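Note sheet for the following structure.
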Amino acid sequence: MSRISEEDINEIRKQADIADIIQRYIPLVKKGKNFAAVCPFHDDHDPSLSISMDKQIYKCFVCGEGGNVFNFVKAYEKISFSEAVIKVANYVNYSLKEAYTPDLPQINPEHQRLHKLLKEMINYTQYLLNTNDTIDAKPYLVKRGIREDQVKKFEIGLNLDKLQTTQFLQAKGFTLQECVSANVTRINDNGPSDVFYNRILFPIHDAQGNPVGFSARTLNPNESSKYINSSETPIYVKGKLLYNYHRALPFCKKQKQIILVEGVTDVLAFDRAEVYNVAATLGTACTSDQIRLIQQASTNVLLCYDGDEAGLNAAYKIGKLLSTFHLNVEVVVNTTGLDPDEIAQKKSLDALRNLINVKVGFTDFVFNYLLKKFDLSNYSQKKEFAKLMMAEIDGVKDAFDSTNLLHKLSEVTAFPLDQLKLLSSKPSEVKQPVSYRESVKTPQTIRHWADYEILGMMLKSVRAAIEFKDKLGFLPNPQHNTCALLILDYYRQNETITIADFINTVDDPDMLRLLTDLSANEIYYKDYNEVSLNDAMIQVKISLLDEKIDQIKQLIKNELDLDEHQRYLKTMSQLSKERQVLRKEIKGA
């Protein structure tokens with residue numbers, strides 16, 4: 001598509017607050033006047049992504065990803081720059097001066113075909129549920145409290161005979177192989193048959209709302225497997241999905257919390273209780289892909305698993321994993337021994353609504369959970385319990401809360417506070433050098449500092465750029481020199497550089513990384529200072545002289561001719577004098 005005008009791009013960027021846009025994709029945590037987040041571009045457990053409100057840029061200090069609001073949307077959604085601009089324009093209700101048709105993303109035709117197949121199957125199984133053949137299905141749904149409006153909302157259907165759905169899909173033009181690929185048909189010694197026959201079907205969707213599989217409940221009371229889920233297919237991977245996520249997401253963002261449950265009927269029970277920010281893991285495991293979905297929904301997670309031993313174990317296991325991703329985890333105190341669906345049926349919807357108001361922080365949950373696992377009359381078990389709890393307490397950021405927990409642990413175990421602290425896994429603090437320049441020791445790091453000092457100041461001041469052009473004019477590092485030339489070229493048409501706008505002119509990802517490194521670091525990205533700039537340019541000149549001297553030293557080693565040897569020595573002496581003069585200039589300044 002045609003290039004969007006620079007005027008439009010800059011205006012959209014000015015109207016799009018970077019924190020507001022990024023928050024549409026991942027949860028943010030306020031840090032002073034800026035924000036932090038767990039980086040979505042690498043396997044991040046700590047909030048290493050920083051969002052600068054003043055500069056309107058983001059930067060990950062681990063993987064190096066950075067840029068402005070367009071770069072984030074482009075990288076997160078894996079779309080072109082122009083598509084990202086249009087998407088951000090839509091977010092801020094900006095009307096582009098021209099009509100642009102974004103490049104269509106590459107859609108896998110096989111996936112598209114399977115989505116269509118499953119949609120046809122959902123429509124057909126919903127139809128079957130409303131025919132006279134559903135004598136066993138409808139009473140089951142009524143018994144479970146599932147209402148007619150929920151049947152429509154959650155697209156619940158029925159698959160009866162062994163070949164019913166397969167034959168329907170083939171009549172619709174889908175091949176037997178496509179039915180097998182979607183895991184709705186299997187082929188055995190007797191030929192093809194439906195995977196989910198004699199079962200009630202609960203469709204599973206991906207984060208975008210596309211149907212990808214089913215969770216199916218048997219109608220046969222003697223069936224050993226009451227529930228079966230789709231096997232892995234090209235579009236369904238259980239560990240990458242959360243049931244009901246696409247419906248729950250807007251409610252999670254509005255209420256700033258996501259409630260995690262185990263199964264489909266738990267979600268439906270909460271839906272009847274008018275609690276809509278609920279998604280299911282479809283089991284008692286949680287993967288890193290599912291955690292990324294959770295992070296996009298909210299930083300606050302409420303675990304509401306069954307009240308039996310298996311449910312407590314699931315809450316402990318999943319909560320531990322979520323905590324490593326710095327999510328705020330709470331656990332429902334469910335002493336009923338029932339799952340959420342059973343509470344709705346055997347007690348009331350009010351009882352279910354009230355359940356999620358009785359909750360504890362994850363560390364308190366762990367305390368009570370582990371307390372039941374260890375025999376504190378046994379010294380070894382008591383020490384192990386204390387060690388595990390100290391690991392939890394070490395992770396509590398609030399000093400008041402951690403102190404209370406420490407005292408609680410001391411009371412329960414009878415171990416003195418000082419003794420418990422010996423079990424702490426917190427590393428001792430090591431003071432770092434306060435001055436960057438004091439930590440610089442090698443010529444290579446001196447050159448790096450000098451280049452960054454020059455470029456950082458040029459980004460902030462046209463005067464620094466003019467000084468550089470007049471007194472030095474180039475940088476030995478090719479990438480740094482290209483960056484300097486880009487800055488000088490930008491100043492030909494602009495009096496100042498707004499870093500978030502300047503980034504729009506850069507296509508090279510390595511150059512983008514360099515610019516965000518510079519602008520995110522206050523050591524380099526600072527106001528014009530004549531002395532500092534002059535010192536940095538002198539350091540560049542000195543480093544060049546050092547390189548020449550080293551080259552001549554190598555030539556002298558290999559030179560056998562006496563006259564040439566003397567000429568090299570004379571040249572090296574002259575270069576050393578020039579270097580000495582430059583060093584005095586820095587010292588004098």
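In the structure tokens, chains take the letters A, B, ... in the order shown, each chain's residues start at 1, and ligands count up from 1 in the order shown.
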For this session: Apply DSSP to the backbone of this structure and, from region 119-352 of chain A, keep only the residues in helix (DSSP H, G or I); write these as a PyMOL selection string.
Result: chain A and resi 119-129+137-143+148-153+164-171+176-181+238-240+245-255+264-272+288-297+309-324+340-346+349-352
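For Tyr58 (chain A), the list of residues within 8 Å, based on only C-alpha atoms and with local chain neighbours fewer than 5 positions off taken out, reads Leu49, Ser50, Ile51, Ser52, Gly66, Gly67, Asn68, Val69, Phe72 and Thr516 of chain A.
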Would you pick out the contacts of region 13-27 of chain A at 9 Å or less, using only C-alpha atoms, so that residues sharing its chain but fewer than 6 positions from it are not included, and give the list as a compact mmCIF listing (two decimals) with C-alpha atoms, in the first residue's frame?
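And here is the file that came out, around.txt:
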```txt
# COMPACT_ATOMS: atom_id res chain seq x y z
CA ASN A 34 6.69 6.08 34.17
CA PHE A 35 5.42 2.51 33.77
CA ALA A 36 6.96 -0.98 33.77
CA ALA A 37 5.74 -4.30 32.39
CA VAL A 38 6.78 -7.89 31.87
CA CYS A 39 8.30 -7.85 28.38
CA PRO A 40 6.21 -9.76 25.82
CA ILE A 51 7.77 2.88 29.28
CA SER A 52 8.90 6.49 29.38
CA MET A 53 6.03 8.97 29.48
CA GLN A 56 6.89 8.32 24.67
CA ILE A 57 9.12 5.31 24.01
CA TYR A 58 9.49 1.83 25.49
CA ASN A 68 7.67 4.23 19.97
CA VAL A 69 3.99 3.29 20.02
CA PHE A 70 4.02 2.13 16.37
CA PHE A 72 5.34 -1.80 19.85
CA VAL A 73 2.13 -2.56 17.96
CA TYR A 76 3.47 -7.36 19.19
CA VAL A 85 0.04 3.20 12.16
CA VAL A 88 -3.09 3.13 16.36
CA ALA A 89 -5.01 5.75 14.34
CA TYR A 91 -7.43 3.46 18.64
CA VAL A 92 -7.27 7.27 18.98
CA TYR A 94 -7.80 9.79 14.12
CA LYS A 253 -9.73 -5.26 31.72
CA ARG A 292 0.92 -14.60 28.50
CA LEU A 293 -2.83 -14.52 27.87
CA GLN A 295 -0.89 -11.08 31.59
CA GLN A 296 -2.75 -9.41 28.73
CA ALA A 297 -5.99 -9.63 30.70
CA SER A 298 -4.81 -8.34 34.10
CA THR A 299 -1.95 -8.36 36.59
CA ALA A 500 9.39 9.30 19.40
CA ASP A 501 8.94 11.04 16.01
```
Just want the 9 Å neighbourhood of region 150-167 of chain A, counted on only C-alpha atoms, with same-chain residues fewer than 4 positions away dropped. Output as a JSON list (two decimals) with N, CA and C atoms, in the first residue's frame.
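Contents of around.json, freshly written:
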```
[["chain", "number", "residue", "atom", "x", "y", "z"],
["A", 121, "MET", "N", -19.87, -27.14, 11.99],
["A", 121, "MET", "CA", -20.20, -28.21, 12.93],
["A", 121, "MET", "C", -20.94, -27.65, 14.14],
["A", 122, "ILE", "N", -20.52, -26.48, 14.63],
["A", 122, "ILE", "CA", -21.19, -25.84, 15.77],
["A", 122, "ILE", "C", -22.65, -25.54, 15.42],
["A", 123, "ASN", "N", -22.86, -24.97, 14.24],
["A", 123, "ASN", "CA", -24.22, -24.66, 13.80],
["A", 123, "ASN", "C", -25.09, -25.91, 13.73],
["A", 124, "TYR", "N", -24.49, -26.99, 13.20],
["A", 124, "TYR", "CA", -25.24, -28.23, 13.02],
["A", 124, "TYR", "C", -25.56, -28.88, 14.37],
["A", 125, "THR", "N", -24.57, -28.92, 15.28],
["A", 125, "THR", "CA", -24.80, -29.57, 16.58],
["A", 125, "THR", "C", -25.76, -28.75, 17.45],
["A", 126, "GLN", "N", -25.78, -27.42, 17.24],
["A", 126, "GLN", "CA", -26.79, -26.61, 17.93],
["A", 126, "GLN", "C", -28.20, -26.94, 17.42],
["A", 127, "TYR", "N", -28.27, -27.16, 16.11],
["A", 127, "TYR", "CA", -29.56, -27.55, 15.51],
["A", 127, "TYR", "C", -30.02, -28.89, 16.09],
["A", 128, "LEU", "N", -29.08, -29.85, 16.21],
["A", 128, "LEU", "CA", -29.44, -31.17, 16.73],
["A", 128, "LEU", "C", -29.94, -31.10, 18.17],
["A", 129, "LEU", "N", -29.38, -30.15, 18.93],
["A", 129, "LEU", "CA", -29.80, -30.01, 20.32],
["A", 129, "LEU", "C", -31.26, -29.58, 20.44],
["A", 130, "ASN", "N", -31.76, -28.94, 19.40],
["A", 130, "ASN", "CA", -33.14, -28.44, 19.43],
["A", 130, "ASN", "C", -34.12, -29.33, 18.68],
["A", 133, "ASP", "N", -34.66, -35.46, 19.01],
["A", 133, "ASP", "CA", -33.74, -36.53, 19.38],
["A", 133, "ASP", "C", -32.98, -36.22, 20.67],
["A", 134, "THR", "N", -33.18, -35.04, 21.24],
["A", 134, "THR", "CA", -32.34, -34.61, 22.36],
["A", 134, "THR", "C", -32.96, -34.92, 23.72],
["A", 137, "ALA", "N", -30.32, -35.06, 26.33],
["A", 137, "ALA", "CA", -29.43, -33.90, 26.47],
["A", 137, "ALA", "C", -30.09, -32.76, 27.22],
["A", 141, "LEU", "N", -28.86, -30.65, 30.73],
["A", 141, "LEU", "CA", -28.54, -29.23, 30.79],
["A", 141, "LEU", "C", -29.38, -28.52, 31.85],
["A", 146, "ILE", "N", -28.02, -25.05, 33.39],
["A", 146, "ILE", "CA", -27.64, -24.31, 32.18],
["A", 146, "ILE", "C", -28.89, -23.81, 31.48],
["A", 171, "ALA", "N", -21.16, -33.54, 3.35],
["A", 171, "ALA", "CA", -22.21, -32.98, 2.48],
["A", 171, "ALA", "C", -22.01, -31.49, 2.27],
["A", 172, "LYS", "N", -21.33, -30.85, 3.23],
["A", 172, "LYS", "CA", -21.05, -29.43, 3.13],
["A", 172, "LYS", "C", -19.80, -29.14, 2.29],
["A", 176, "LEU", "N", -12.92, -35.92, 4.01],
["A", 176, "LEU", "CA", -12.75, -36.78, 5.18],
["A", 176, "LEU", "C", -11.44, -36.44, 5.88],
["A", 179, "CYS", "N", -11.86, -33.44, 8.06],
["A", 179, "CYS", "CA", -12.58, -33.80, 9.28],
["A", 179, "CYS", "C", -11.64, -34.46, 10.30],
["A", 184, "VAL", "N", -12.54, -34.07, 14.50],
["A", 184, "VAL", "CA", -13.97, -34.33, 14.72],
["A", 184, "VAL", "C", -14.34, -35.71, 14.16],
["A", 185, "THR", "N", -13.41, -36.31, 13.42],
["A", 185, "THR", "CA", -13.61, -37.66, 12.85],
["A", 185, "THR", "C", -12.36, -38.48, 13.09],
["A", 192, "PRO", "N", -14.61, -44.68, 9.22],
["A", 192, "PRO", "CA", -14.68, -43.41, 9.94],
["A", 192, "PRO", "C", -15.81, -43.39, 10.97],
["A", 193, "SER", "N", -15.63, -42.59, 12.03],
["A", 193, "SER", "CA", -16.69, -42.36, 13.01],
["A", 193, "SER", "C", -16.46, -41.00, 13.67],
["A", 194, "ASP", "N", -17.54, -40.44, 14.22],
["A", 194, "ASP", "CA", -17.42, -39.15, 14.91],
["A", 194, "ASP", "C", -16.63, -39.33, 16.21],
["A", 195, "VAL", "N", -15.77, -38.37, 16.51],
["A", 195, "VAL", "CA", -14.98, -38.41, 17.74],
["A", 195, "VAL", "C", -15.87, -38.17, 18.96],
["A", 196, "PHE", "N", -16.85, -37.27, 18.83],
["A", 196, "PHE", "CA", -17.62, -36.82, 19.98],
["A", 196, "PHE", "C", -19.07, -37.36, 20.00],
["A", 197, "TYR", "N", -19.31, -38.53, 19.40],
["A", 197, "TYR", "CA", -20.69, -39.01, 19.32],
["A", 197, "TYR", "C", -21.23, -39.32, 20.71],
["A", 198, "ASN", "N", -22.54, -39.12, 20.84],
["A", 198, "ASN", "CA", -23.27, -39.31, 22.10],
["A", 198, "ASN", "C", -22.74, -38.40, 23.21],
["A", 199, "ARG", "N", -22.40, -37.17, 22.81],
["A", 199, "ARG", "CA", -21.87, -36.21, 23.78],
["A", 199, "ARG", "C", -22.45, -34.82, 23.54],
["A", 200, "ILE", "N", -22.53, -34.04, 24.62],
["A", 200, "ILE", "CA", -22.87, -32.61, 24.55],
["A", 200, "ILE", "C", -21.57, -31.85, 24.29],
["A", 201, "LEU", "N", -21.61, -30.93, 23.35],
["A", 201, "LEU", "CA", -20.39, -30.25, 22.91],
["A", 201, "LEU", "C", -20.35, -28.80, 23.41],
["A", 202, "PHE", "N", -19.22, -28.44, 24.00],
["A", 202, "PHE", "CA", -18.95, -27.07, 24.41],
["A", 202, "PHE", "C", -17.78, -26.56, 23.55],
["A", 203, "PRO", "N", -18.04, -25.70, 22.58],
["A", 203, "PRO", "CA", -16.96, -25.25, 21.68],
["A", 203, "PRO", "C", -15.89, -24.45, 22.43],
["A", 216, "ALA", "N", -16.21, -32.07, 25.45],
["A", 216, "ALA", "CA", -17.45, -32.82, 25.21],
["A", 216, "ALA", "C", -17.79, -33.69, 26.41],
["A", 244, "ASN", "N", -13.14, -19.60, 27.17],
["A", 244, "ASN", "CA", -13.95, -18.39, 27.40],
["A", 244, "ASN", "C", -13.11, -17.11, 27.42],
["A", 268, "LEU", "N", -19.63, -21.50, 33.20],
["A", 268, "LEU", "CA", -21.06, -21.31, 33.00],
["A", 268, "LEU", "C", -21.78, -20.97, 34.31],
["A", 271, "ASP", "N", -21.14, -17.42, 34.98],
["A", 271, "ASP", "CA", -21.91, -16.62, 34.02],
["A", 271, "ASP", "C", -23.35, -16.45, 34.51],
["A", 272, "ARG", "N", -23.93, -17.51, 35.04],
["A", 272, "ARG", "CA", -25.29, -17.42, 35.58],
["A", 272, "ARG", "C", -25.33, -16.49, 36.79]]
```
For this session: Show which residues sit within 9 Å of Met511 (chain A), as a count of residues only. Count only C-alpha atoms, and ignore same-chain residues fewer than 3 positions away.
Result: 10
